[in-house]
Amino acid sequence: MAPIRTTYVECDQHEKAYQSQDAIFVARKRVVGAKKAKSMRYVKNVGLGIKTPSTAIEGTYVDKKCPFTGNVNIRGRILKGVVASTKMNRTIIVRRDYLHFIPKYRRYEKRHKNVAVHCSPAFSVKEGDVVTIGQCRPLSKTVRFNVVAHEPAVNVAAGKKSFRVF
């Protein structure tokens with residue numbers, strides 16, 4: 001387990017609005033004879049056997065749509081896929097490959113779907129990486145999933161559109 005931060009460390013302020021976690025009161029009074037110091041960072045356990053990354057516990061980022069440090073619950077489906085694009089801000093496109101059975105020919109055809117997924121700053125994701133995504137409430141018009149685990153790419157030369165079933 002990572003050490004708990006008891007002093008407030010301000011995050012990088014790149015937005016117009018002041019960035020701070022909703023669950024943390026920055027200007028709280030410190031009691032001199034306090035037995036246990038409370039953490040100055042809000043981190044929660046997502047559950048479902050998903051481990052909270054150390055970058056979420058030790059980091060200074062603020063993301064209200066992060067399942068570990070924000071106001072989002074993971075419920076419903078847990079899926080795996082390959083990262084196809086990382087061009088958007090904190091949103092990635094995950095390619096999910098599957099086989100579809102054609103009864104007339106008694107054979108399978110390859111198909112795929114692209115899923116828009118919110119990626120927390122706790123994960124440094126690149127194209128070709130395998131990510132585990134969890135369903136959550138709608139975060140935007142197209143985003144209904146959140147990255148909960150990340151595995152670096154094993155075979156980088158496989159290509160973006162190569163067919164991979166998990």
# chains A, B, ... in the order shown; residues from 1 in each chain; ligands from 1
>>> closest_atom_pairs(of="range 88-137 of chain A", to="range 145-152 of chain A", cutoff="8 Å", atoms="only C-alpha atoms", output="tab-separated table")
residue	atom	partner	partner_atom	distance
A:Ala116	CA	A:Phe145	CA	7.2
A:Val117	CA	A:Phe145	CA	4.9
A:His118	CA	A:Asn146	CA	4.8
A:Cys119	CA	A:Val147	CA	5.3
A:Ser120	CA	A:Val147	CA	7.0
A:Phe123	CA	A:His150	CA	7.0
A:Val125	CA	A:His150	CA	7.4
A:Lys126	CA	A:Pro152	CA	8.0
A:Gly128	CA	A:Pro152	CA	7.9
A:Asp129	CA	A:Pro152	CA	4.9
A:Val130	CA	A:Glu151	CA	5.2
A:Val131	CA	A:His150	CA	4.5
A:Thr132	CA	A:Ala149	CA	5.0
A:Ile133	CA	A:Val147	CA	4.5
A:Gly134	CA	A:Asn146	CA	5.4
A:Gln135	CA	A:Phe145	CA	4.4
A:Cys136	CA	A:Phe145	CA	5.5
A:Arg137	CA	A:Phe145	CA	7.8
>>> select_by_dssp(residues="range 52-99 of chain A", states="alpha helix (DSSP H)", output="list of chain:residue names")
A:Ser54, A:Thr55, A:Ala56, A:Ile57, A:Glu58
>>> atom_distance(atom1="CA of Gly159 in chain A", atom2="CA of Arg111 in chain A")
16.3 Å
>>> residues_around(residues="range 44-59 of chain A", least_positions_apart="6", cutoff="7 Å", atoms="only C-alpha atoms", output="list in words")
Ala2, Pro67, Phe68, Thr69, Ile74 and Ala122 of chain A
>>> write_last_selection(atoms="C-alpha atoms", output="PDB file, in the first residue's frame")
ATOM      1  CA  ALA A   2       1.251   3.454  -0.862  1.00  0.00           C
ATOM      2  CA  PRO A  67     -13.388   5.717 -10.952  1.00  0.00           C
ATOM      3  CA  PHE A  68     -10.666   5.826  -8.262  1.00  0.00           C
ATOM      4  CA  THR A  69     -10.594   9.536  -7.314  1.00  0.00           C
ATOM      5  CA  ILE A  74     -18.314   0.953 -12.011  1.00  0.00           C
ATOM      6  CA  ALA A 122      -3.680   7.330 -13.471  1.00  0.00           C
TER       7      ALA A 122
END
>>> residues_around(residues="Lys160 in chain A", least_positions_apart="3", cutoff="9 Å", atoms="only C-alpha atoms", output="list in words")
Val82, Val83, Ala84, Ser85, Arg95, Glu127, Gly128, Val156, Ala157 and Phe163 of chain A
>>> write_last_selection(atoms="N, CA, C and O atoms", output="PDB file, in the first residue's frame")
ATOM      1  N   VAL A  82      -8.397  -3.478 -27.288  1.00  0.00           N
ATOM      2  CA  VAL A  82      -7.116  -2.903 -27.678  1.00  0.00           C
ATOM      3  C   VAL A  82      -7.318  -1.414 -27.952  1.00  0.00           C
ATOM      4  O   VAL A  82      -8.292  -1.021 -28.607  1.00  0.00           O
ATOM      5  N   VAL A  83      -6.393  -0.595 -27.477  1.00  0.00           N
ATOM      6  CA  VAL A  83      -6.484   0.844 -27.680  1.00  0.00           C
ATOM      7  C   VAL A  83      -6.206   1.151 -29.153  1.00  0.00           C
ATOM      8  O   VAL A  83      -5.155   0.799 -29.689  1.00  0.00           O
ATOM      9  N   ALA A  84      -7.170   1.808 -29.812  1.00  0.00           N
ATOM     10  CA  ALA A  84      -7.037   2.143 -31.231  1.00  0.00           C
ATOM     11  C   ALA A  84      -6.590   3.588 -31.428  1.00  0.00           C
ATOM     12  O   ALA A  84      -5.854   3.893 -32.359  1.00  0.00           O
ATOM     13  N   SER A  85      -7.040   4.497 -30.539  1.00  0.00           N
ATOM     14  CA  SER A  85      -6.717   5.909 -30.700  1.00  0.00           C
ATOM     15  C   SER A  85      -6.653   6.598 -29.342  1.00  0.00           C
ATOM     16  O   SER A  85      -7.441   6.296 -28.450  1.00  0.00           O
ATOM     17  N   ARG A  95     -10.871  -0.803 -29.443  1.00  0.00           N
ATOM     18  CA  ARG A  95     -11.393  -1.703 -30.471  1.00  0.00           C
ATOM     19  C   ARG A  95     -11.653  -3.069 -29.851  1.00  0.00           C
ATOM     20  O   ARG A  95     -10.760  -3.669 -29.264  1.00  0.00           O
ATOM     21  N   GLU A 127      -1.321   3.534 -27.997  1.00  0.00           N
ATOM     22  CA  GLU A 127      -2.026   2.717 -28.984  1.00  0.00           C
ATOM     23  C   GLU A 127      -1.440   1.310 -29.000  1.00  0.00           C
ATOM     24  O   GLU A 127      -0.231   1.126 -28.949  1.00  0.00           O
ATOM     25  N   GLY A 128      -2.309   0.309 -29.063  1.00  0.00           N
ATOM     26  CA  GLY A 128      -1.879  -1.085 -29.072  1.00  0.00           C
ATOM     27  C   GLY A 128      -1.914  -1.741 -27.709  1.00  0.00           C
ATOM     28  O   GLY A 128      -1.820  -2.964 -27.607  1.00  0.00           O
ATOM     29  N   VAL A 156       3.976  -4.945 -30.599  1.00  0.00           N
ATOM     30  CA  VAL A 156       3.707  -3.623 -31.155  1.00  0.00           C
ATOM     31  C   VAL A 156       3.556  -3.693 -32.667  1.00  0.00           C
ATOM     32  O   VAL A 156       2.794  -2.948 -33.266  1.00  0.00           O
ATOM     33  N   ALA A 157       4.248  -4.629 -33.332  1.00  0.00           N
ATOM     34  CA  ALA A 157       4.242  -4.727 -34.789  1.00  0.00           C
ATOM     35  C   ALA A 157       2.954  -5.344 -35.336  1.00  0.00           C
ATOM     36  O   ALA A 157       2.775  -5.415 -36.543  1.00  0.00           O
ATOM     37  N   PHE A 163      -6.748  -8.470 -35.840  1.00  0.00           N
ATOM     38  CA  PHE A 163      -7.864  -9.092 -35.124  1.00  0.00           C
ATOM     39  C   PHE A 163      -7.352  -9.821 -33.889  1.00  0.00           C
ATOM     40  O   PHE A 163      -6.503 -10.706 -33.990  1.00  0.00           O
TER      41      PHE A 163
END
>>> select_by_dssp(residues="range 70-104 of chain A", states="strand (DSSP E)", output="PyMOL selection string")
chain A and resi 78-85+91-102
>>> write_last_selection(atoms="N, CA and C atoms", output="JSON list (two decimals), in the first residue's frame")
[["chain", "number", "residue", "atom", "x", "y", "z"],
["A", 78, "ILE", "N", -17.82, -5.66, -17.60],
["A", 78, "ILE", "CA", -16.37, -5.48, -17.57],
["A", 78, "ILE", "C", -15.85, -6.10, -18.86],
["A", 79, "LEU", "N", -15.18, -5.32, -19.71],
["A", 79, "LEU", "CA", -14.75, -5.78, -21.02],
["A", 79, "LEU", "C", -13.26, -5.54, -21.21],
["A", 80, "LYS", "N", -12.68, -6.21, -22.24],
["A", 80, "LYS", "CA", -11.29, -6.00, -22.61],
["A", 80, "LYS", "C", -11.22, -5.61, -24.07],
["A", 81, "GLY", "N", -10.21, -4.81, -24.41],
["A", 81, "GLY", "CA", -10.04, -4.40, -25.80],
["A", 81, "GLY", "C", -8.68, -3.79, -26.02],
["A", 82, "VAL", "N", -8.40, -3.48, -27.29],
["A", 82, "VAL", "CA", -7.12, -2.90, -27.68],
["A", 82, "VAL", "C", -7.32, -1.41, -27.95],
["A", 83, "VAL", "N", -6.39, -0.59, -27.48],
["A", 83, "VAL", "CA", -6.48, 0.84, -27.68],
["A", 83, "VAL", "C", -6.21, 1.15, -29.15],
["A", 84, "ALA", "N", -7.17, 1.81, -29.81],
["A", 84, "ALA", "CA", -7.04, 2.14, -31.23],
["A", 84, "ALA", "C", -6.59, 3.59, -31.43],
["A", 85, "SER", "N", -7.04, 4.50, -30.54],
["A", 85, "SER", "CA", -6.72, 5.91, -30.70],
["A", 85, "SER", "C", -6.65, 6.60, -29.34],
["A", 91, "THR", "N", -9.89, 10.80, -23.27],
["A", 91, "THR", "CA", -10.81, 9.83, -23.86],
["A", 91, "THR", "C", -10.04, 9.05, -24.91],
["A", 92, "ILE", "N", -10.23, 7.72, -24.91],
["A", 92, "ILE", "CA", -9.57, 6.87, -25.88],
["A", 92, "ILE", "C", -10.62, 6.05, -26.63],
["A", 93, "ILE", "N", -10.22, 5.50, -27.77],
["A", 93, "ILE", "CA", -11.08, 4.60, -28.53],
["A", 93, "ILE", "C", -10.51, 3.20, -28.36],
["A", 94, "VAL", "N", -11.37, 2.27, -27.90],
["A", 94, "VAL", "CA", -10.97, 0.88, -27.69],
["A", 94, "VAL", "C", -11.66, 0.02, -28.74],
["A", 95, "ARG", "N", -10.87, -0.80, -29.44],
["A", 95, "ARG", "CA", -11.39, -1.70, -30.47],
["A", 95, "ARG", "C", -11.65, -3.07, -29.85],
["A", 96, "ARG", "N", -12.92, -3.54, -29.98],
["A", 96, "ARG", "CA", -13.31, -4.86, -29.48],
["A", 96, "ARG", "C", -13.62, -5.77, -30.65],
["A", 97, "ASP", "N", -12.85, -6.86, -30.80],
["A", 97, "ASP", "CA", -13.03, -7.81, -31.90],
["A", 97, "ASP", "C", -13.86, -8.99, -31.42],
["A", 98, "TYR", "N", -14.70, -9.52, -32.31],
["A", 98, "TYR", "CA", -15.51, -10.69, -31.98],
["A", 98, "TYR", "C", -15.84, -11.45, -33.25],
["A", 99, "LEU", "N", -16.32, -12.68, -33.09],
["A", 99, "LEU", "CA", -16.71, -13.52, -34.22],
["A", 99, "LEU", "C", -18.23, -13.61, -34.27],
["A", 100, "HIS", "N", -18.78, -13.50, -35.48],
["A", 100, "HIS", "CA", -20.23, -13.58, -35.67],
["A", 100, "HIS", "C", -20.54, -14.80, -36.52],
["A", 101, "PHE", "N", -21.44, -15.65, -36.04],
["A", 101, "PHE", "CA", -21.76, -16.89, -36.73],
["A", 101, "PHE", "C", -22.77, -16.65, -37.84],
["A", 102, "ILE", "N", -22.51, -17.19, -39.04],
["A", 102, "ILE", "CA", -23.43, -17.14, -40.19],
["A", 102, "ILE", "C", -24.02, -18.53, -40.35]]
>>> closest_residue(among="A:Met40, A:Val165, A:Ala153, A:Val62", to="Lys110 in chain A", atoms="only C-alpha atoms")
A:Val165
>>> decode(residues="range 112-146 of chain A", atoms="C-alpha atoms", output="short mmCIF file (atom, residue, chain, number, x, y, z; two decimals), in the first residue's frame")
data_model
loop_
_atom_site.label_atom_id
_atom_site.label_comp_id
_atom_site.auth_asym_id
_atom_site.auth_seq_id
_atom_site.Cartn_x
_atom_site.Cartn_y
_atom_site.Cartn_z
CA HIS A 112 -15.36 -5.31 -34.52
CA LYS A 113 -16.84 -2.42 -32.58
CA ASN A 114 -15.14 0.78 -31.43
CA VAL A 115 -15.99 1.97 -27.91
CA ALA A 116 -15.27 5.48 -26.59
CA VAL A 117 -13.76 5.17 -23.10
CA HIS A 118 -12.74 7.72 -20.46
CA CYS A 119 -9.07 7.23 -19.49
CA SER A 120 -8.00 8.58 -16.12
CA PRO A 121 -4.55 10.25 -15.80
CA ALA A 122 -3.68 7.33 -13.47
CA PHE A 123 -2.99 5.27 -16.62
CA SER A 124 -0.41 6.17 -19.29
CA VAL A 125 -2.03 4.42 -22.25
CA LYS A 126 -0.57 4.12 -25.77
CA GLU A 127 -2.03 2.72 -28.98
CA GLY A 128 -1.88 -1.08 -29.07
CA ASP A 129 -2.13 -1.52 -25.30
CA VAL A 130 -4.72 -3.91 -23.87
CA VAL A 131 -7.10 -2.24 -21.42
CA THR A 132 -9.86 -3.54 -19.16
CA ILE A 133 -12.87 -1.24 -19.19
CA GLY A 134 -15.84 -1.07 -16.84
CA GLN A 135 -19.30 0.23 -17.56
CA CYS A 136 -20.46 3.34 -15.71
CA ARG A 137 -23.10 6.05 -16.00
CA PRO A 138 -23.04 8.17 -19.19
CA LEU A 139 -20.10 10.58 -18.92
CA SER A 140 -20.80 12.34 -22.23
CA LYS A 141 -22.79 11.80 -25.43
CA THR A 142 -20.77 8.71 -26.44
CA VAL A 143 -18.73 7.72 -23.36
CA ARG A 144 -20.23 5.04 -21.08
CA PHE A 145 -17.08 3.16 -20.05
CA ASN A 146 -14.01 3.86 -17.90
#
